[in-house]
Amino acid sequence: MRWKNKLTPDKSKISRLAVELNIDSTLAKLLVQRKIETYEQAKNFFRPSLDDIHDPFLMKDMDKAVDRIETAIKNEENILIYGDYDVDGTTAVSLVFSYLQTLYNNISTYIPDRYEEGYGISFQGIDFASDNGFSLIIALDCGIKAVDKIEYANKKNIDFIICDHHRPGNEIPSAIAVLDPKRDDCNYPYDELCGCGVGFKLIQGLAEKRDQSIDTLTSYLDLVAIAIAADIVPVTGENRVLAYFGLQVINSNPRTGIKALIGQKKKEELNITDVVFGIAPRINAAGRMKHGLYAVNLLTESNFEKAQKYAAEIEQFNLDRKDVDQQITKEALLQIKENKEEDNYTSVVFNETWHKGVIGIVASRLIETYYRPTLVFTKSGEKLAASARSVKGFDVYNALQECSDYIEQFGGHKYAAGLTLGPKNYQNFKAKFEEVVKNSISKELLIPEVSVDSSIFLSNITPKFNRIIKQFGPFGPKNMKPVFVASGLRDNGYGKKVGKDEDHLKLNIISGADKKTYNAIGFGLGNKFNLINNGNSFKAVFTIEENHWNGITSLQLNIKDLKADD
């Protein structure tokens, strides 16, 4: 790994904040790195308040959206809540549907089929609305580029309200209202909301119109927190406030479906990592393996016995998904080896039988072995479809644009994209993509990077220090869990390789004259045992975690990488 130190902020700012807050300089440095430089900013950071979230009517078209929904309720129109099949889309649909249900009965939900309809608003979905008498569709987590679909709906006298968070194209669809903080003509103060976050702003607007306080909407924040965690949006500003209170709901009184999904796995307190790796993959598995409506049914169910049945089905989908993606990953790694492509600048693999719902996961898995831009293709109808994933610092979307001669359709962003092409263009595309990446990527980007916040003496890691670090959460992009570096470390002689294949390291670290022993775990670092063996001095980058075992909580270093001391 490349160890990259974050820039050290102005030392006078660090010293001043340390005095104002009565904390040590390491903690003050971490805060200033996050642009928290005053007592007041620190107070807002450590004590989030729902009073800090923005007025929903600052978002362009919010007044039009709220008025149109109120008109639909008054005129007893049928309203269809439409959303994407991933976590962000299904939680957004569940949220808006749950809230509108408290006001009105003539509403229903629609999630497009991943395989028959694909991503976003579909002609098939609009035909469904037309055939079943829906005159208003609220689209969540999709629609900002669906210019042709909205025109089609307009001809069928179906109005659309679009709630999206993706970057618009050159033309805004001609919907009744288009809520998207990334619109150039939208002056909303925070543009990093997820799709479910935009859905929350819509129900906040409806609630304000009805003189309901923000407190009446707190129970919906469990869904928003799950979407923020799953969609990898920055956990800053408004997102951090929504995630903070959403996690409180998850841990105190989550909706029935989430309670059933957590089941017996519930720790004393779930954090955002538990949501990312525990709750989100299960919700996602519905759309990957079967249909996104299974997730909506779970998240909107109020009867616990029924919710348990839905949760059991989704648990099975997730187990099936794991089996499938592990098998495909093995086959893809073998394909790379057989084609003698281990030393390429890219990984591009294809098998027409691979499950379309998991190829994005497989692309991410391949990057764990071969750290380079990766595409996994499968057959989709008469075309080939792929999921692309990239490495930190490399824009795969731009690279795909340079290969557009061979691509029929593609979309996405810097680190993840999807595309389709004709089978006859596969080999030409593969060669071109390899050429583009080879000529544009710097060698250092092909080595994983760990970003280091600060150096630290292990003796400074106390329970009080950890309690303050925990309050930096919820963690996520732009507010990651702090990573520290320490040197002059030695194992006390009891360090060992652990795990079925001895892939991991379990260490008992001592540092300098400090007599204390610090427990540490290094996942995937079993091959570095020789660096810590025989009393060798080493340095490590790590995060601080709590280890819960037999009712006892202790601090543990989670080592990301280690090297011999200079």
# chains A, B, ... in the order shown; residues from 1 in each chain; ligands from 1

$ residues_around --residues "Asn106 in chain A" --least-positions-apart "6" --cutoff "9 Å" --atoms "only C-alpha atoms" --output "compact mmCIF listing (two decimals) with N, CA and C atoms, in the first residue's frame"
# COMPACT_ATOMS: atom_id res chain seq x y z
N ILE A 73 -54.37 14.62 -3.90
CA ILE A 73 -55.11 14.13 -2.73
C ILE A 73 -56.52 14.71 -2.71
N GLU A 76 -58.68 13.12 -5.29
CA GLU A 76 -58.73 11.66 -5.17
C GLU A 76 -58.13 10.94 -6.38
N GLU A 77 -56.99 11.46 -6.86
CA GLU A 77 -56.27 10.82 -7.97
C GLU A 77 -55.48 9.62 -7.44
N ASN A 78 -55.16 8.71 -8.35
CA ASN A 78 -54.28 7.59 -8.01
C ASN A 78 -52.82 8.02 -8.18
N ILE A 79 -52.01 7.78 -7.15
CA ILE A 79 -50.60 8.19 -7.16
C ILE A 79 -49.72 6.95 -7.13
N LEU A 80 -48.72 6.89 -8.03
CA LEU A 80 -47.79 5.77 -8.09
C LEU A 80 -46.40 6.23 -7.62

$ residues_around --residues "Pro281 in chain A" --least-positions-apart "3" --cutoff "10 Å" --atoms "only C-alpha atoms" --output "list in words"
Asp86, Val87, Ala230, Val275, Val276, Phe277, Gly278, Asn284, Ala285, Ala286, Arg288, Ile314, Glu315, Phe317, Asn318, Arg321 and Lys322 of chain A

$ closest_residue --among "A:Lys267, A:Gln248, A:Asp61, A:Asp514" --to "Ala175 in chain A" --atoms "only C-alpha atoms"
A:Asp61

$ select_by_dssp --residues "range 41-261 of chain A" --states "helix (DSSP H, G or I)" --output "number ranges by chain"
A: 41-46, 50-52, 56-58, 62-74, 87-101, 123-131, 147-155, 195-209, 214-230, 237-252, 256-261

$ closest_residue --among "A:Lys4, A:Tyr99, A:Val178, A:Ala146" --to "Met59 in chain A" --atoms "only C-alpha atoms"
A:Val178

$ residues_around --residues "Tyr188 in chain A" --least-positions-apart "3" --cutoff "8 Å" --atoms "only C-alpha atoms" --output "VMD selection string"
chain A and resid 58 to 60 181 191

$ write_last_selection --atoms "N, CA and C atoms" --output "compact mmCIF listing (two decimals), in the first residue's frame"
# COMPACT_ATOMS: atom_id res chain seq x y z
N LEU A 58 -36.21 25.59 -0.19
CA LEU A 58 -35.05 26.18 -0.86
C LEU A 58 -34.69 25.38 -2.11
N MET A 59 -35.23 24.15 -2.22
CA MET A 59 -34.96 23.31 -3.39
C MET A 59 -35.89 23.71 -4.52
N LYS A 60 -35.31 23.92 -5.71
CA LYS A 60 -36.10 24.34 -6.86
C LYS A 60 -37.23 23.36 -7.13
N PRO A 181 -30.92 18.54 -6.23
CA PRO A 181 -30.01 19.60 -5.77
C PRO A 181 -28.79 19.80 -6.66
N ASP A 191 -25.79 19.78 -1.87
CA ASP A 191 -26.11 19.03 -3.09
C ASP A 191 -25.63 17.58 -3.07

$ residues_around --residues "range 540-553 of chain A" --least-positions-apart "3" --cutoff "8 Å" --atoms "only C-alpha atoms" --output "tab-separated table (two decimals) with N, CA and C atoms, in the first residue's frame"
chain	number	residue	atom	x	y	z
A	452	VAL	N	-3.52	8.71	5.66
A	452	VAL	CA	-3.20	8.77	7.09
A	452	VAL	C	-3.53	10.16	7.64
A	466	ASN	N	-10.74	7.45	22.77
A	466	ASN	CA	-11.62	6.68	21.89
A	466	ASN	C	-13.06	7.17	21.95
A	481	LYS	N	-13.40	7.29	9.30
A	481	LYS	CA	-12.82	7.01	10.62
A	481	LYS	C	-11.33	7.35	10.57
A	482	PRO	N	-10.81	8.10	11.55
A	482	PRO	CA	-9.40	8.52	11.51
A	482	PRO	C	-8.44	7.35	11.42
A	483	VAL	N	-7.43	7.52	10.57
A	483	VAL	CA	-6.37	6.51	10.39
A	483	VAL	C	-5.08	7.09	10.98
A	484	PHE	N	-4.43	6.33	11.85
A	484	PHE	CA	-3.22	6.79	12.53
A	484	PHE	C	-2.01	5.99	12.08
A	485	VAL	N	-0.83	6.56	12.28
A	485	VAL	CA	0.42	5.85	12.03
A	485	VAL	C	1.26	5.92	13.29
A	486	ALA	N	1.91	4.81	13.63
A	486	ALA	CA	2.82	4.77	14.77
A	486	ALA	C	4.04	3.94	14.37
A	487	SER	N	5.19	4.33	14.89
A	487	SER	CA	6.42	3.60	14.58
A	487	SER	C	7.10	3.14	15.86
A	489	LEU	N	7.33	0.04	16.84
A	489	LEU	CA	6.46	-0.98	17.44
A	489	LEU	C	7.14	-2.35	17.39
A	556	GLN	N	-8.83	-2.05	20.46
A	556	GLN	CA	-8.04	-2.86	19.56
A	556	GLN	C	-7.61	-2.03	18.37
A	557	LEU	N	-6.39	-2.24	17.91
A	557	LEU	CA	-5.91	-1.56	16.71
A	557	LEU	C	-6.27	-2.43	15.51
A	558	ASN	N	-6.94	-1.84	14.53
A	558	ASN	CA	-7.25	-2.55	13.28
A	558	ASN	C	-6.21	-2.10	12.26
A	559	ILE	N	-5.22	-2.95	12.04
A	559	ILE	CA	-4.07	-2.56	11.22
A	559	ILE	C	-4.41	-2.69	9.74
A	560	LYS	N	-4.21	-1.59	9.01
A	560	LYS	CA	-4.46	-1.57	7.57
A	560	LYS	C	-3.23	-2.02	6.77
A	561	ASP	N	-2.05	-1.70	7.30
A	561	ASP	CA	-0.81	-2.10	6.64
A	561	ASP	C	0.33	-1.92	7.63
A	562	LEU	N	1.43	-2.65	7.41
A	562	LEU	CA	2.62	-2.45	8.25
A	562	LEU	C	3.87	-2.61	7.41
A	563	LYS	N	4.93	-1.95	7.86
A	563	LYS	CA	6.21	-1.98	7.16
A	563	LYS	C	7.33	-2.04	8.18

$ closest_atom_pairs --of "range 29-146 of chain A" --to "range 291-313 of chain A" --cutoff "6 Å" --atoms "only C-alpha atoms" --output "Markdown table"
| residue | atom | partner | partner_atom | distance |
| --- | --- | --- | --- | --- |
| A:Tyr85 | CA | A:Gly292 | CA | 4.7 |
| A:Thr90 | CA | A:Val296 | CA | 5.7 |
| A:Ser94 | CA | A:Val296 | CA | 5.6 |
| A:Ile111 | CA | A:Leu293 | CA | 5.9 |

$ select_by_dssp --residues "range 63-257 of chain A" --states "strand (DSSP E)" --output "VMD selection string"
chain A and resid 78 to 83 107 to 110 134 to 140 159 to 163 177 to 179

$ write_last_selection --atoms "C-alpha atoms" --output "short mmCIF file (atom, residue, chain, number, x, y, z; two decimals), in the first residue's frame"
data_model
loop_
_atom_site.label_atom_id
_atom_site.label_comp_id
_atom_site.auth_asym_id
_atom_site.auth_seq_id
_atom_site.Cartn_x
_atom_site.Cartn_y
_atom_site.Cartn_z
CA ASN A 78 -54.28 7.59 -8.01
CA ILE A 79 -50.60 8.19 -7.16
CA LEU A 80 -47.79 5.77 -8.09
CA ILE A 81 -44.53 5.86 -6.09
CA TYR A 82 -41.80 4.71 -8.51
CA GLY A 83 -38.17 4.02 -7.64
CA ILE A 107 -51.34 5.15 -3.62
CA SER A 108 -49.26 2.25 -4.83
CA THR A 109 -45.59 1.39 -5.45
CA TYR A 110 -43.64 0.34 -8.54
CA PHE A 134 -52.58 6.52 -12.21
CA SER A 135 -52.44 10.22 -13.11
CA LEU A 136 -49.40 11.15 -10.98
CA ILE A 137 -46.05 9.35 -10.67
CA ILE A 138 -43.48 10.33 -8.04
CA ALA A 139 -40.11 9.03 -9.29
CA LEU A 140 -37.39 8.54 -6.67
CA ASP A 159 -47.82 13.91 -14.54
CA PHE A 160 -44.38 13.27 -13.07
CA ILE A 161 -42.60 14.58 -9.99
CA ILE A 162 -38.92 13.63 -10.24
CA CYS A 163 -36.84 13.33 -7.06
CA ALA A 177 -41.53 19.30 -10.77
CA VAL A 178 -37.90 18.18 -10.89
CA LEU A 179 -36.27 18.04 -7.46
#

$ closest_residue --among "A:Lys259, A:Lys29, A:Lys209, A:His355" --to "Phe57 in chain A" --atoms "only C-alpha atoms"
A:Lys209

$ closest_residue --among "A:Tyr244, A:Tyr397, A:Phe472, A:Phe350" --to "Pro48 in chain A" --atoms "only C-alpha atoms"
A:Tyr244

$ atom_distance --atom1 "CA of Val235 in chain A" --atom2 "CA of Gly476 in chain A"
5.2 Å
